[in-house]
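As provided, input_11.tsv (TSV, N, CA and C atoms) reads as follows.
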```
chain	number	residue	atom	x	y	z
U	1	MET	N	-15.97	-7.15	24.99
U	1	MET	CA	-17.22	-6.42	24.89
U	1	MET	C	-18.14	-7.19	23.96
U	2	LYS	N	-19.35	-7.51	24.43
U	2	LYS	CA	-20.36	-8.19	23.63
U	2	LYS	C	-21.53	-7.24	23.43
U	3	ILE	N	-21.90	-7.01	22.16
U	3	ILE	CA	-23.03	-6.13	21.86
U	3	ILE	C	-23.86	-6.74	20.73
U	4	SER	N	-25.07	-6.22	20.56
U	4	SER	CA	-25.96	-6.77	19.54
U	4	SER	C	-25.72	-6.22	18.15
U	5	ALA	N	-25.09	-5.07	18.02
U	5	ALA	CA	-24.87	-4.47	16.70
U	5	ALA	C	-23.98	-5.38	15.86
U	6	ARG	N	-24.39	-5.63	14.64
U	6	ARG	CA	-23.66	-6.54	13.76
U	6	ARG	C	-22.65	-5.81	12.87
U	7	ASN	N	-22.84	-4.53	12.67
U	7	ASN	CA	-21.95	-3.77	11.79
U	7	ASN	C	-20.79	-3.22	12.59
U	8	GLN	N	-19.70	-3.99	12.67
U	8	GLN	CA	-18.52	-3.62	13.43
U	8	GLN	C	-17.30	-3.67	12.51
U	9	PHE	N	-16.48	-2.63	12.60
U	9	PHE	CA	-15.31	-2.53	11.74
U	9	PHE	C	-14.10	-2.14	12.59
U	10	ALA	N	-13.06	-2.96	12.55
U	10	ALA	CA	-11.83	-2.62	13.25
U	10	ALA	C	-11.10	-1.55	12.44
U	11	GLY	N	-10.48	-0.61	13.14
U	11	GLY	CA	-9.77	0.44	12.44
U	11	GLY	C	-8.81	1.19	13.33
U	12	THR	N	-8.22	2.23	12.75
U	12	THR	CA	-7.25	3.07	13.43
U	12	THR	C	-7.69	4.52	13.33
U	13	VAL	N	-7.69	5.21	14.46
U	13	VAL	CA	-8.08	6.63	14.47
U	13	VAL	C	-7.08	7.41	13.61
U	14	ALA	N	-7.61	8.17	12.66
U	14	ALA	CA	-6.78	9.01	11.80
U	14	ALA	C	-6.73	10.44	12.34
U	15	THR	N	-7.91	10.98	12.69
U	15	THR	CA	-7.97	12.35	13.21
U	15	THR	C	-9.03	12.46	14.28
U	16	VAL	N	-8.82	13.40	15.19
U	16	VAL	CA	-9.82	13.79	16.19
U	16	VAL	C	-9.86	15.31	16.18
U	17	VAL	N	-11.00	15.87	15.76
U	17	VAL	CA	-11.14	17.31	15.71
U	17	VAL	C	-12.26	17.72	16.66
U	18	LYS	N	-11.89	18.39	17.75
U	18	LYS	CA	-12.87	18.81	18.74
U	18	LYS	C	-13.41	20.19	18.40
U	19	GLY	N	-14.73	20.32	18.50
U	19	GLY	CA	-15.40	21.59	18.32
U	19	GLY	C	-15.88	22.09	19.67
U	20	ALA	N	-16.90	22.93	19.66
U	20	ALA	CA	-17.43	23.49	20.90
U	20	ALA	C	-17.97	22.41	21.82
U	21	THR	N	-18.70	21.46	21.27
U	21	THR	CA	-19.29	20.38	22.08
U	21	THR	C	-19.08	19.00	21.49
U	22	THR	N	-18.76	18.94	20.20
U	22	THR	CA	-18.71	17.67	19.49
U	22	THR	C	-17.33	17.43	18.88
U	23	ALA	N	-16.88	16.20	18.94
U	23	ALA	CA	-15.62	15.81	18.30
U	23	ALA	C	-15.95	14.99	17.06
U	24	HIS	N	-15.26	15.26	15.97
U	24	HIS	CA	-15.39	14.46	14.75
U	24	HIS	C	-14.17	13.56	14.69
U	25	VAL	N	-14.42	12.26	14.75
U	25	VAL	CA	-13.36	11.25	14.80
U	25	VAL	C	-13.37	10.49	13.48
U	26	THR	N	-12.26	10.55	12.76
U	26	THR	CA	-12.12	9.83	11.50
U	26	THR	C	-11.32	8.57	11.75
U	27	VAL	N	-11.88	7.43	11.28
U	27	VAL	CA	-11.26	6.13	11.50
U	27	VAL	C	-10.98	5.47	10.16
U	28	ASP	N	-9.75	5.05	9.95
U	28	ASP	CA	-9.35	4.31	8.76
U	28	ASP	C	-9.67	2.84	9.00
U	29	ILE	N	-10.61	2.30	8.20
U	29	ILE	CA	-10.99	0.89	8.37
U	29	ILE	C	-10.37	-0.01	7.30
U	30	GLY	N	-9.40	0.52	6.58
U	30	GLY	CA	-8.67	-0.27	5.59
U	30	GLY	C	-9.27	-0.21	4.20
U	31	GLY	N	-8.49	-0.63	3.23
U	31	GLY	CA	-8.95	-0.67	1.84
U	31	GLY	C	-9.29	0.69	1.28
U	32	GLY	N	-8.69	1.75	1.84
U	32	GLY	CA	-9.00	3.11	1.39
U	32	GLY	C	-10.31	3.65	1.92
U	33	ASN	N	-10.91	2.96	2.88
U	33	ASN	CA	-12.20	3.37	3.45
U	33	ASN	C	-12.01	4.04	4.80
U	34	VAL	N	-12.77	5.12	5.02
U	34	VAL	CA	-12.76	5.81	6.31
U	34	VAL	C	-14.20	6.01	6.78
U	35	VAL	N	-14.37	6.05	8.08
U	35	VAL	CA	-15.67	6.32	8.70
U	35	VAL	C	-15.46	7.51	9.63
U	36	THR	N	-16.40	8.45	9.62
U	36	THR	CA	-16.32	9.58	10.53
U	36	THR	C	-17.50	9.53	11.48
U	37	ALA	N	-17.21	9.64	12.76
U	37	ALA	CA	-18.24	9.64	13.79
U	37	ALA	C	-18.23	10.98	14.52
U	38	ALA	N	-19.41	11.48	14.84
U	38	ALA	CA	-19.54	12.68	15.65
U	38	ALA	C	-19.95	12.24	17.05
U	39	ILE	N	-19.07	12.48	18.02
U	39	ILE	CA	-19.33	12.10	19.41
U	39	ILE	C	-19.07	13.31	20.30
U	40	THR	N	-19.50	13.23	21.54
U	40	THR	CA	-19.25	14.36	22.43
U	40	THR	C	-17.76	14.47	22.74
U	41	ASN	N	-17.33	15.70	23.03
U	41	ASN	CA	-15.95	15.91	23.44
U	41	ASN	C	-15.64	15.10	24.69
U	42	GLU	N	-16.61	15.02	25.59
U	42	GLU	CA	-16.43	14.27	26.83
U	42	GLU	C	-16.14	12.80	26.54
U	43	SER	N	-16.89	12.21	25.61
U	43	SER	CA	-16.66	10.81	25.24
U	43	SER	C	-15.29	10.62	24.60
U	44	ALA	N	-14.90	11.53	23.73
U	44	ALA	CA	-13.59	11.43	23.09
U	44	ALA	C	-12.47	11.48	24.12
U	45	SER	N	-12.64	12.33	25.13
U	45	SER	CA	-11.64	12.43	26.19
U	45	SER	C	-11.63	11.18	27.07
U	46	GLU	N	-12.82	10.70	27.45
U	46	GLU	CA	-12.91	9.51	28.30
U	46	GLU	C	-12.30	8.28	27.62
U	47	LEU	N	-12.47	8.19	26.28
U	47	LEU	CA	-11.92	7.07	25.53
U	47	LEU	C	-10.44	7.30	25.18
U	48	ASP	N	-9.93	8.50	25.50
U	48	ASP	CA	-8.54	8.86	25.22
U	48	ASP	C	-8.23	8.67	23.74
U	49	LEU	N	-9.14	9.12	22.87
U	49	LEU	CA	-8.97	8.94	21.43
U	49	LEU	C	-7.89	9.88	20.90
U	50	ALA	N	-7.01	9.34	20.10
U	50	ALA	CA	-5.92	10.09	19.48
U	50	ALA	C	-5.50	9.34	18.22
U	51	PRO	N	-4.91	10.04	17.26
U	51	PRO	CA	-4.45	9.36	16.06
U	51	PRO	C	-3.56	8.17	16.42
U	52	GLY	N	-3.81	7.05	15.72
U	52	GLY	CA	-3.06	5.83	15.94
U	52	GLY	C	-3.73	4.84	16.87
U	53	ALA	N	-4.75	5.29	17.61
U	53	ALA	CA	-5.47	4.40	18.53
U	53	ALA	C	-6.22	3.33	17.74
U	54	LYS	N	-6.15	2.09	18.20
U	54	LYS	CA	-6.90	0.99	17.60
U	54	LYS	C	-8.30	0.99	18.21
U	55	VAL	N	-9.32	1.03	17.36
U	55	VAL	CA	-10.71	1.13	17.83
U	55	VAL	C	-11.59	0.20	17.01
U	56	THR	N	-12.82	0.04	17.45
U	56	THR	CA	-13.86	-0.65	16.68
U	56	THR	C	-14.97	0.35	16.41
U	57	VAL	N	-15.31	0.51	15.13
U	57	VAL	CA	-16.43	1.35	14.73
U	57	VAL	C	-17.67	0.48	14.79
U	58	ILE	N	-18.69	0.93	15.52
U	58	ILE	CA	-19.93	0.16	15.67
U	58	ILE	C	-21.06	1.00	15.10
U	59	VAL	N	-21.76	0.45	14.11
U	59	VAL	CA	-22.84	1.19	13.46
U	59	VAL	C	-24.16	0.53	13.82
U	60	LYS	N	-25.03	1.28	14.45
U	60	LYS	CA	-26.37	0.81	14.80
U	60	LYS	C	-27.32	1.94	14.44
U	61	SER	N	-28.04	1.78	13.36
U	61	SER	CA	-28.89	2.87	12.88
U	61	SER	C	-30.16	2.32	12.27
U	62	SER	N	-31.24	3.01	12.50
U	62	SER	CA	-32.51	2.60	11.88
U	62	SER	C	-32.69	3.25	10.51
U	63	ASP	N	-31.95	4.32	10.24
U	63	ASP	CA	-32.04	5.02	8.95
U	63	ASP	C	-30.67	5.33	8.41
U	64	VAL	N	-30.47	5.02	7.15
U	64	VAL	CA	-29.27	5.43	6.43
U	64	VAL	C	-29.76	6.03	5.13
U	65	MET	N	-29.34	7.26	4.86
U	65	MET	CA	-29.82	7.96	3.67
U	65	MET	C	-28.67	8.29	2.73
U	66	ILE	N	-28.94	8.22	1.44
U	66	ILE	CA	-27.99	8.60	0.41
U	66	ILE	C	-28.74	9.45	-0.60
U	67	GLY	N	-28.15	10.55	-1.01
U	67	GLY	CA	-28.76	11.41	-2.03
U	67	GLY	C	-27.81	11.64	-3.18
U	68	ILE	N	-28.36	11.92	-4.33
U	68	ILE	CA	-27.55	12.20	-5.52
U	68	ILE	C	-28.26	13.26	-6.35
U	69	ASP	N	-27.47	14.11	-6.97
U	69	ASP	CA	-28.04	15.16	-7.84
U	69	ASP	C	-28.15	14.66	-9.25
```

Rewrite the structure from the file as structure tokens, please.
Amino acid sequence: MKISARNQFAGTVATVVKGATTAHVTVDIGGGNVVTAAITNESASELDLAPGAKVTVIVKSSDVMIGID
């Protein structure tokens, strides 16, 4: 797979929690770091995502926000 996004992280699916329409997929990318993605339940099923699956996290975003109190 060739894509333009430069922010790619290899990892392992830790959890898949499906809600009414959206699945929250937590991926362990190593070094104690995890990334959580919200995707449709349909996409999670089509990709056959389950704990232990080897995946690539691809981040393509025009905005990233961080807040602190």

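Taking atom N of Glu46 in chain U as the reference point, CA of Arg6 in chain U is found at 24.5 Å.
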
Taking all atoms listed in the file into account, name the residue in U:Ala50, U:Val35, U:Ile29, U:Ile68 that is nearest to Phe9 in chain U.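 Distance minimum relative to Phe9 in chain U lands on U:Ile29.
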
Please extract the residues of chain U with a backbone DSSP assignment of helix (DSSP H, G or I) and present them as a ChimeraX atom specification. /U:41-46

Grab the residues selected above and save them as a compact mmCIF listing (two decimals), in the frame of the given file with N, CA and C atoms.
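Result file selection.txt:
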```txt
# COMPACT_ATOMS: atom_id res chain seq x y z
N ASN U 41 -17.33 15.70 23.03
CA ASN U 41 -15.95 15.91 23.44
C ASN U 41 -15.64 15.10 24.69
N GLU U 42 -16.61 15.02 25.59
CA GLU U 42 -16.43 14.27 26.83
C GLU U 42 -16.14 12.80 26.54
N SER U 43 -16.89 12.21 25.61
CA SER U 43 -16.66 10.81 25.24
C SER U 43 -15.29 10.62 24.60
N ALA U 44 -14.90 11.53 23.73
CA ALA U 44 -13.59 11.43 23.09
C ALA U 44 -12.47 11.48 24.12
N SER U 45 -12.64 12.33 25.13
CA SER U 45 -11.64 12.43 26.19
C SER U 45 -11.63 11.18 27.07
N GLU U 46 -12.82 10.70 27.45
CA GLU U 46 -12.91 9.51 28.30
C GLU U 46 -12.30 8.28 27.62
```

Closest of U:Thr36, U:Lys54, U:Asp69, U:Val64 to Gly11 in chain U, counting all atoms listed in the file, is U:Lys54

Practice task
Write out as JSON, numbers by chain the residues lying within 5 Å of range 24-27 of chain U, counting all atoms listed in the file and excluding same-chain residues fewer than 2 positions away.
Solution key: {"U": [12, 13, 14, 15, 16, 17, 18, 22, 29, 34, 35, 36, 37, 38]}

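One distance worth recording is that between atom N of Lys2 in chain U and atom C of Met65 in chain U, which is 28.4 Å.
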
Listed atoms of range 43-59 of chain U boxed along x, y and z, 6 Å each side, centre and edge lengths in Å, one decimal, as JSON:
```
{"center_x": -13.6, "center_y": 5.9, "center_z": 20.9, "size_x": 33.1, "size_y": 25.1, "size_z": 26.8}
```

Query raised in the report: So what do you get for atom C of Val57 in chain U versus atom N of Ala5 in chain U, distance-wise?
Result: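 Interatomic distance, atom C of Val57 in chain U to atom N of Ala5 in chain U: 9.8 Å.
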